[in-house]
Amino acid sequence: LSEVDLMELMISTFTLAIAAAISIIIAQAIDKVSVNYVSMIIGIIIGLIPLLNSQVASFDSEIFMELIVAPLLFFEGQKTRIHNIGRRIKEIIGLTVIMVLLALIISGFSIYLFTSISLPLAFIIGSISTPTDATASEAVTNGLRMPRRVTSSLKAESLFNDASGIILLNMSLLWFANGYINYGQTIHDFFVSSLGGAVLGFAVAWIIIIFRQSLIRSRFNSLNAQNLIYILTPLALYALAEDLHVSGIIAVVVAGLLHNAESQQSLLLNSRQIHMGRDLQNLISDIFNSMVFIILGLMMVRISRNKLFNGDLAKWILVGFIVYLANLLVRYVYGRLIIRYDRRESTVFSLGGIHGAVTLALALTINATFLGTKNYNLVIMSEAVLIILSMLVPTIVFQFILPHEVSDEEAHIVMEKIRNEMVKQALISIHKMYLPKRVKRHVIYTLLNQKRVVKTREYMRVLLKTIDQPNLTKSEQYLQRLAFFRAFAIEREYLEMIGQKESKYRTYILSLYNDVLLAESLIIESDDE
């Protein structure tokens, strides 16, 4: 990259990251609306405002795949136990090969029959529509109880069907260019790319894990260096795989699966690294997933500008509908006949194939000059319609056919009561302790902060007051730590007791329990000098 390109990339990344943060905050405020929708709307707003639009450079699919999609899939793989993949290998092959091929054939021929689009172009659109997105699925089903079998199938499918989509897209592009399908080359490419990616991902991940585990057991171990290696792993592995002409997608997924096995065996050996790694994983996944839909909204504006009132719009929507319905039909029939789901499970499985990052990335890997501007716009916008439909339809339908978990609003009310009672119990124990006056005052004030009853104005007043306050003596620091340890022990005992009674809020109670443990670890590591 030249200096100008690098600067453009930095400005674009900064703009998208800020937009992602804003969309996540808004989605938290409107908890019934998925962050994906909010991100897409913000992307549309950026595209409509010339000053903001100019801050995001023209899209580069290679950078998008390596810097955003590869880490997302690596982290998704790391959430999955490799044992679960091994015992479902036949089902995964069926989902990612047989079902994908059926979806491509049905959608391709449906587009060809119902529109004036050529068969090769129809297959290009169909192949791009095959990958699904587990992260997007989780956003749509948040707060709903999915059938366990269906959830496992959707997750396994989304991890491995990206490679199938890439191979089939390459086949369709060669068909478009040459006028015929090279079946032998396509099958060869599929096996070389998939198996090569799996072998490379396993080998590289194994080497990295050996190196990191050796570091842990030596005096050269560094938490920061470990985290840096962890973050760079999917980026470097994807780039290496693509240079070797094997599937970078499969490579990062397999590496993620192997890292999951490592973390299961290292919980107590390297607990800080694993805890921080999970925090980084959640942070990066949330930001990158939001970025994907911001980019989608932005691209929709850039392509559709000045073209909304001609025949192109109707064609984009029609093709998007055809592709979505074809995929829906294939998924339902496959679920009923092959996986042997009942009607409800098959419906959830068919609707649960949400499209997101990889579908957008595949669409944007195509060269506009190669297809021609009109065909290129058709591909991008029809896939955008597919993505929107795949999110919007289940968002509505699932509300009626799936049982609801505890709503965030209800959980918030209950958890506030539990939090207040928890802190109350801790404060009672602190009042019974003998402590120097200013130590007791500080501990009580900190616990009240934990209760979230101290207003921002009061907090700022106390903050200004403590700037010139002398440090606690060594003896006072020790007593303060003891007081906090006692308070946290009382809080944990209370949460353990409540957790046994309130089983439906157990996830939220465990989250609060985790907050208490984190607070205690900060007290242990605090430096009062």
# chains A, B, ... in the order shown; residues from 1 in each chain; ligands from 1
>>> residues_around(residues="A:Leu144", least_positions_apart="5", cutoff="10 Å", atoms="only C-alpha atoms", output="JSON, numbers by chain")
{"A": [138, 398, 399, 401, 402, 403, 404, 405, 406, 407]}
>>> write_last_selection(atoms="N, CA and C atoms", output="short mmCIF file (atom, residue, chain, number, x, y, z; two decimals), in the first residue's frame")
data_model
loop_
_atom_site.label_atom_id
_atom_site.label_comp_id
_atom_site.auth_asym_id
_atom_site.auth_seq_id
_atom_site.Cartn_x
_atom_site.Cartn_y
_atom_site.Cartn_z
N GLU A 138 -27.32 -14.86 15.67
CA GLU A 138 -27.43 -14.62 17.10
C GLU A 138 -28.12 -13.29 17.39
N PHE A 398 -40.07 -15.27 14.03
CA PHE A 398 -39.60 -15.95 15.24
C PHE A 398 -40.32 -15.46 16.49
N GLN A 399 -40.78 -14.20 16.46
CA GLN A 399 -41.50 -13.67 17.63
C GLN A 399 -42.78 -14.47 17.91
N ILE A 401 -43.27 -17.89 16.70
CA ILE A 401 -43.12 -19.35 16.72
C ILE A 401 -42.10 -19.86 17.72
N LEU A 402 -41.32 -18.96 18.32
CA LEU A 402 -40.31 -19.38 19.29
C LEU A 402 -40.66 -18.86 20.68
N PRO A 403 -40.44 -19.67 21.72
CA PRO A 403 -40.68 -19.18 23.09
C PRO A 403 -39.68 -18.09 23.45
N HIS A 404 -40.14 -17.14 24.25
CA HIS A 404 -39.31 -16.00 24.62
C HIS A 404 -38.54 -16.28 25.90
N GLU A 405 -37.30 -15.85 25.91
CA GLU A 405 -36.52 -15.85 27.15
C GLU A 405 -36.99 -14.65 27.99
N VAL A 406 -36.39 -14.49 29.15
CA VAL A 406 -36.68 -13.31 29.97
C VAL A 406 -36.26 -12.08 29.19
N SER A 407 -37.14 -11.09 29.10
CA SER A 407 -36.80 -9.87 28.36
C SER A 407 -35.73 -9.09 29.11
#
>>> closest_residue(among="A:Asn260, A:Gln477, A:Ser390, A:Gln226", to="A:Glu76", atoms="only C-alpha atoms")
A:Asn260
>>> atom_distance(atom1="atom CA of A:Thr141", atom2="atom CA of A:Ser350")
13.6 Å
>>> closest_atom_pairs(of="stretch 257-376 of chain A", to="stretch 517-524 of chain A", cutoff="12 Å", atoms="only C-alpha atoms", output="tab-separated table")
residue	atom	partner	partner_atom	distance
A:Arg272	CA	A:Ser521	CA	10.7
A:His275	CA	A:Leu518	CA	10.4
A:Met276	CA	A:Leu518	CA	11.6
>>> closest_residue(among="A:Leu313, A:Leu16, A:Leu121, A:Ala103", to="A:Met40", atoms="only C-alpha atoms")
A:Leu16
>>> closest_residue(among="A:Ile208, A:Ile25, A:Ile187, A:Leu351", to="A:Ser290", atoms="only C-alpha atoms")
A:Ile25
>>> closest_residue(among="A:Gly197, A:Gly353, A:Pro436, A:Gly320", to="A:Ser158", atoms="only C-alpha atoms")
A:Gly353
>>> closest_residue(among="A:Thr15, A:Ser304, A:Asn471, A:Ser346", to="A:Tyr376", atoms="only C-alpha atoms")
A:Ser304
>>> atom_distance(atom1="atom CA of A:Ala241", atom2="atom CA of A:Leu386")
29.2 Å
>>> closest_residue(among="A:Val397, A:Ile167, A:Ile231, A:Leu472", to="A:Leu283", atoms="only C-alpha atoms")
A:Ile231
>>> residues_around(residues="A:His431", least_positions_apart="4", cutoff="9 Å", atoms="only C-alpha atoms", output="count of residues only")
5
>>> residues_around(residues="A:Phe74", least_positions_apart="6", cutoff="9 Å", atoms="only C-alpha atoms", output="JSON, numbers by chain")
{"A": [233, 234, 249, 251, 252, 253, 254, 255, 256, 257]}
>>> write_last_selection(atoms="N, CA, C and O atoms", output="CSV table (one decimal), in the first residue's frame")
chain,number,residue,atom,x,y,z
A,233,THR,N,-3.1,-13.8,14.8
A,233,THR,CA,-3.2,-15.2,14.3
A,233,THR,C,-4.1,-15.3,13.1
A,233,THR,O,-3.7,-15.8,12.0
A,234,PRO,N,-5.4,-14.8,13.2
A,234,PRO,CA,-6.3,-15.0,12.0
A,234,PRO,C,-5.8,-14.1,10.8
A,234,PRO,O,-6.0,-14.6,9.7
A,249,ILE,N,-10.6,-19.0,4.6
A,249,ILE,CA,-11.7,-19.2,5.5
A,249,ILE,C,-11.7,-20.4,6.3
A,249,ILE,O,-11.8,-20.4,7.6
A,251,ALA,N,-9.1,-22.3,6.9
A,251,ALA,CA,-7.9,-22.2,7.7
A,251,ALA,C,-8.1,-21.5,9.0
A,251,ALA,O,-7.7,-22.1,10.1
A,252,VAL,N,-8.8,-20.4,9.0
A,252,VAL,CA,-9.0,-19.6,10.3
A,252,VAL,C,-10.0,-20.3,11.1
A,252,VAL,O,-9.9,-20.3,12.4
A,253,VAL,N,-11.0,-20.9,10.5
A,253,VAL,CA,-12.0,-21.6,11.3
A,253,VAL,C,-11.4,-22.8,12.0
A,253,VAL,O,-11.6,-23.0,13.2
A,254,VAL,N,-10.6,-23.6,11.3
A,254,VAL,CA,-9.9,-24.8,12.0
A,254,VAL,C,-9.0,-24.3,13.1
A,254,VAL,O,-8.9,-24.9,14.1
A,255,ALA,N,-8.3,-23.2,12.8
A,255,ALA,CA,-7.4,-22.7,13.8
A,255,ALA,C,-8.2,-22.2,15.1
A,255,ALA,O,-7.8,-22.5,16.2
A,256,GLY,N,-9.4,-21.6,14.8
A,256,GLY,CA,-10.2,-21.2,15.9
A,256,GLY,C,-10.7,-22.4,16.7
A,256,GLY,O,-10.7,-22.4,18.0
A,257,LEU,N,-11.1,-23.5,16.1
A,257,LEU,CA,-11.5,-24.7,16.8
A,257,LEU,C,-10.4,-25.3,17.7
A,257,LEU,O,-10.6,-25.7,18.8
>>> select_by_dssp(residues="stretch 179-250 of chain A", states="alpha helix (DSSP H)", output="CSV table (one decimal) with N, CA and C atoms, in the first residue's frame")
chain,number,residue,atom,x,y,z
A,183,TYR,N,-16.3,-28.7,-14.9
A,183,TYR,CA,-16.6,-29.5,-13.7
A,183,TYR,C,-15.4,-30.1,-13.0
A,184,GLY,N,-14.5,-30.6,-13.8
A,184,GLY,CA,-13.3,-31.2,-13.3
A,184,GLY,C,-12.5,-30.2,-12.5
A,185,GLN,N,-12.3,-29.0,-13.0
A,185,GLN,CA,-11.5,-28.0,-12.4
A,185,GLN,C,-12.2,-27.6,-11.1
A,186,THR,N,-13.5,-27.4,-11.1
A,186,THR,CA,-14.3,-27.0,-10.0
A,186,THR,C,-14.1,-28.0,-8.8
A,187,ILE,N,-14.3,-29.3,-9.1
A,187,ILE,CA,-14.2,-30.3,-8.1
A,187,ILE,C,-12.8,-30.4,-7.5
A,188,HIS,N,-11.8,-30.3,-8.4
A,188,HIS,CA,-10.4,-30.3,-8.0
A,188,HIS,C,-10.1,-29.1,-7.1
A,189,ASP,N,-10.6,-27.9,-7.5
A,189,ASP,CA,-10.4,-26.7,-6.7
A,189,ASP,C,-11.0,-26.8,-5.3
A,190,PHE,N,-12.2,-27.4,-5.3
A,190,PHE,CA,-13.0,-27.5,-4.0
A,190,PHE,C,-12.2,-28.4,-3.0
A,191,PHE,N,-11.7,-29.5,-3.5
A,191,PHE,CA,-11.0,-30.4,-2.6
A,191,PHE,C,-9.6,-29.8,-2.2
A,192,VAL,N,-8.9,-29.3,-3.1
A,192,VAL,CA,-7.6,-28.7,-2.8
A,192,VAL,C,-7.7,-27.5,-1.9
A,193,SER,N,-8.7,-26.6,-2.2
A,193,SER,CA,-8.9,-25.5,-1.3
A,193,SER,C,-9.4,-25.8,0.1
A,194,SER,N,-10.4,-26.7,0.2
A,194,SER,CA,-10.9,-27.0,1.5
A,194,SER,C,-10.0,-27.9,2.3
A,195,LEU,N,-9.5,-29.0,1.8
A,195,LEU,CA,-8.5,-29.8,2.5
A,195,LEU,C,-7.2,-29.1,2.8
A,196,GLY,N,-6.7,-28.3,1.8
A,196,GLY,CA,-5.5,-27.6,2.0
A,196,GLY,C,-5.7,-26.5,3.1
A,197,GLY,N,-6.8,-25.8,3.1
A,197,GLY,CA,-7.1,-24.8,4.2
A,197,GLY,C,-7.2,-25.5,5.5
A,198,ALA,N,-7.8,-26.7,5.6
A,198,ALA,CA,-8.0,-27.4,6.9
A,198,ALA,C,-6.6,-27.8,7.4
A,199,VAL,N,-5.8,-28.4,6.5
A,199,VAL,CA,-4.5,-28.9,6.9
A,199,VAL,C,-3.6,-27.7,7.4
A,200,LEU,N,-3.6,-26.6,6.6
A,200,LEU,CA,-2.8,-25.5,6.9
A,200,LEU,C,-3.2,-24.9,8.2
A,201,GLY,N,-4.5,-24.7,8.4
A,201,GLY,CA,-5.0,-24.1,9.6
A,201,GLY,C,-4.6,-24.9,10.8
A,202,PHE,N,-4.8,-26.3,10.7
A,202,PHE,CA,-4.4,-27.1,11.8
A,202,PHE,C,-2.9,-27.0,12.1
A,203,ALA,N,-2.1,-27.1,11.1
A,203,ALA,CA,-0.6,-27.1,11.3
A,203,ALA,C,-0.1,-25.8,11.9
A,204,VAL,N,-0.6,-24.7,11.4
A,204,VAL,CA,-0.1,-23.3,11.9
A,204,VAL,C,-0.6,-23.1,13.3
A,205,ALA,N,-1.9,-23.5,13.5
A,205,ALA,CA,-2.5,-23.3,14.9
A,205,ALA,C,-1.7,-24.2,15.9
A,206,TRP,N,-1.4,-25.4,15.5
A,206,TRP,CA,-0.6,-26.3,16.4
A,206,TRP,C,0.7,-25.7,16.7
A,207,ILE,N,1.4,-25.2,15.7
A,207,ILE,CA,2.7,-24.5,16.0
A,207,ILE,C,2.6,-23.3,16.9
A,208,ILE,N,1.6,-22.5,16.7
A,208,ILE,CA,1.4,-21.3,17.5
A,208,ILE,C,1.1,-21.7,18.9
A,209,ILE,N,0.2,-22.7,19.1
A,209,ILE,CA,-0.2,-23.2,20.4
A,209,ILE,C,1.0,-23.7,21.2
A,210,ILE,N,1.9,-24.5,20.5
A,210,ILE,CA,3.1,-25.1,21.1
A,210,ILE,C,4.0,-23.9,21.6
A,211,PHE,N,4.2,-22.9,20.7
A,211,PHE,CA,5.0,-21.8,21.0
A,211,PHE,C,4.4,-21.0,22.2
A,212,ARG,N,3.1,-20.7,22.2
A,212,ARG,CA,2.5,-20.0,23.3
A,212,ARG,C,2.5,-20.8,24.6
A,213,GLN,N,2.3,-22.1,24.5
A,213,GLN,CA,2.4,-22.9,25.8
A,213,GLN,C,3.8,-23.0,26.3
A,214,SER,N,4.8,-23.0,25.4
A,214,SER,CA,6.2,-23.0,25.9
A,214,SER,C,6.5,-21.6,26.6
A,215,LEU,N,5.9,-20.5,26.0
A,215,LEU,CA,6.1,-19.2,26.7
A,215,LEU,C,5.5,-19.2,28.1
A,216,ILE,N,4.3,-19.7,28.2
A,216,ILE,CA,3.6,-19.7,29.5
A,216,ILE,C,4.5,-20.4,30.6
A,223,LEU,N,2.0,-11.3,29.1
A,223,LEU,CA,0.5,-11.3,28.7
A,223,LEU,C,0.3,-10.5,27.5
A,224,ASN,N,0.9,-9.3,27.4
A,224,ASN,CA,0.7,-8.4,26.2
A,224,ASN,C,1.2,-9.1,24.9
A,225,ALA,N,2.3,-9.8,25.0
A,225,ALA,CA,2.8,-10.4,23.8
A,225,ALA,C,1.9,-11.6,23.4
A,226,GLN,N,1.4,-12.3,24.4
A,226,GLN,CA,0.4,-13.4,24.1
A,226,GLN,C,-0.8,-12.9,23.4
A,227,ASN,N,-1.3,-11.8,23.9
A,227,ASN,CA,-2.6,-11.2,23.3
A,227,ASN,C,-2.3,-10.7,21.9
A,228,LEU,N,-1.1,-10.1,21.7
A,228,LEU,CA,-0.8,-9.7,20.4
A,228,LEU,C,-0.7,-10.8,19.4
A,229,ILE,N,-0.1,-11.9,19.8
A,229,ILE,CA,0.0,-13.1,18.9
A,229,ILE,C,-1.4,-13.6,18.6
A,230,TYR,N,-2.3,-13.6,19.7
A,230,TYR,CA,-3.7,-14.1,19.6
A,230,TYR,C,-4.4,-13.3,18.5
A,231,ILE,N,-4.3,-11.9,18.6
A,231,ILE,CA,-5.1,-11.1,17.7
A,231,ILE,C,-4.6,-11.2,16.2
A,232,LEU,N,-3.2,-11.3,16.1
A,232,LEU,CA,-2.6,-11.4,14.7
A,232,LEU,C,-2.8,-12.8,14.1
A,233,THR,N,-3.1,-13.8,14.8
A,233,THR,CA,-3.2,-15.2,14.3
A,233,THR,C,-4.1,-15.3,13.1
A,234,PRO,N,-5.4,-14.8,13.2
A,234,PRO,CA,-6.3,-15.0,12.0
A,234,PRO,C,-5.8,-14.1,10.8
A,235,LEU,N,-5.2,-13.0,11.1
A,235,LEU,CA,-4.8,-12.1,10.0
A,235,LEU,C,-3.7,-12.7,9.2
A,236,ALA,N,-2.7,-13.2,9.9
A,236,ALA,CA,-1.5,-13.8,9.3
A,236,ALA,C,-1.9,-15.1,8.6
A,237,LEU,N,-2.7,-15.9,9.3
A,237,LEU,CA,-3.0,-17.2,8.7
A,237,LEU,C,-3.9,-17.1,7.5
A,238,TYR,N,-4.8,-16.2,7.5
A,238,TYR,CA,-5.6,-16.0,6.3
A,238,TYR,C,-4.8,-15.5,5.1
A,239,ALA,N,-3.8,-14.6,5.3
A,239,ALA,CA,-3.0,-14.1,4.3
A,239,ALA,C,-2.1,-15.2,3.7
A,240,LEU,N,-1.5,-16.0,4.6
A,240,LEU,CA,-0.7,-17.2,4.2
A,240,LEU,C,-1.5,-18.2,3.4
A,241,ALA,N,-2.7,-18.5,3.8
A,241,ALA,CA,-3.5,-19.4,3.1
A,241,ALA,C,-3.8,-18.9,1.7
A,242,GLU,N,-4.2,-17.7,1.6
A,242,GLU,CA,-4.5,-17.1,0.3
A,242,GLU,C,-3.3,-17.1,-0.7
A,243,ASP,N,-2.1,-16.8,-0.1
A,243,ASP,CA,-0.9,-16.9,-0.9
A,243,ASP,C,-0.6,-18.3,-1.4
A,248,GLY,N,-8.5,-19.6,2.9
A,248,GLY,CA,-8.2,-18.9,4.1
A,248,GLY,C,-9.3,-19.0,5.1
A,249,ILE,N,-10.6,-19.0,4.6
A,249,ILE,CA,-11.7,-19.2,5.5
A,249,ILE,C,-11.7,-20.4,6.3
A,250,ILE,N,-11.5,-21.6,5.6
A,250,ILE,CA,-11.4,-22.9,6.3
A,250,ILE,C,-10.2,-22.9,7.3
>>> atom_distance(atom1="atom CA of A:Pro470", atom2="atom CA of A:Lys455")
24.3 Å
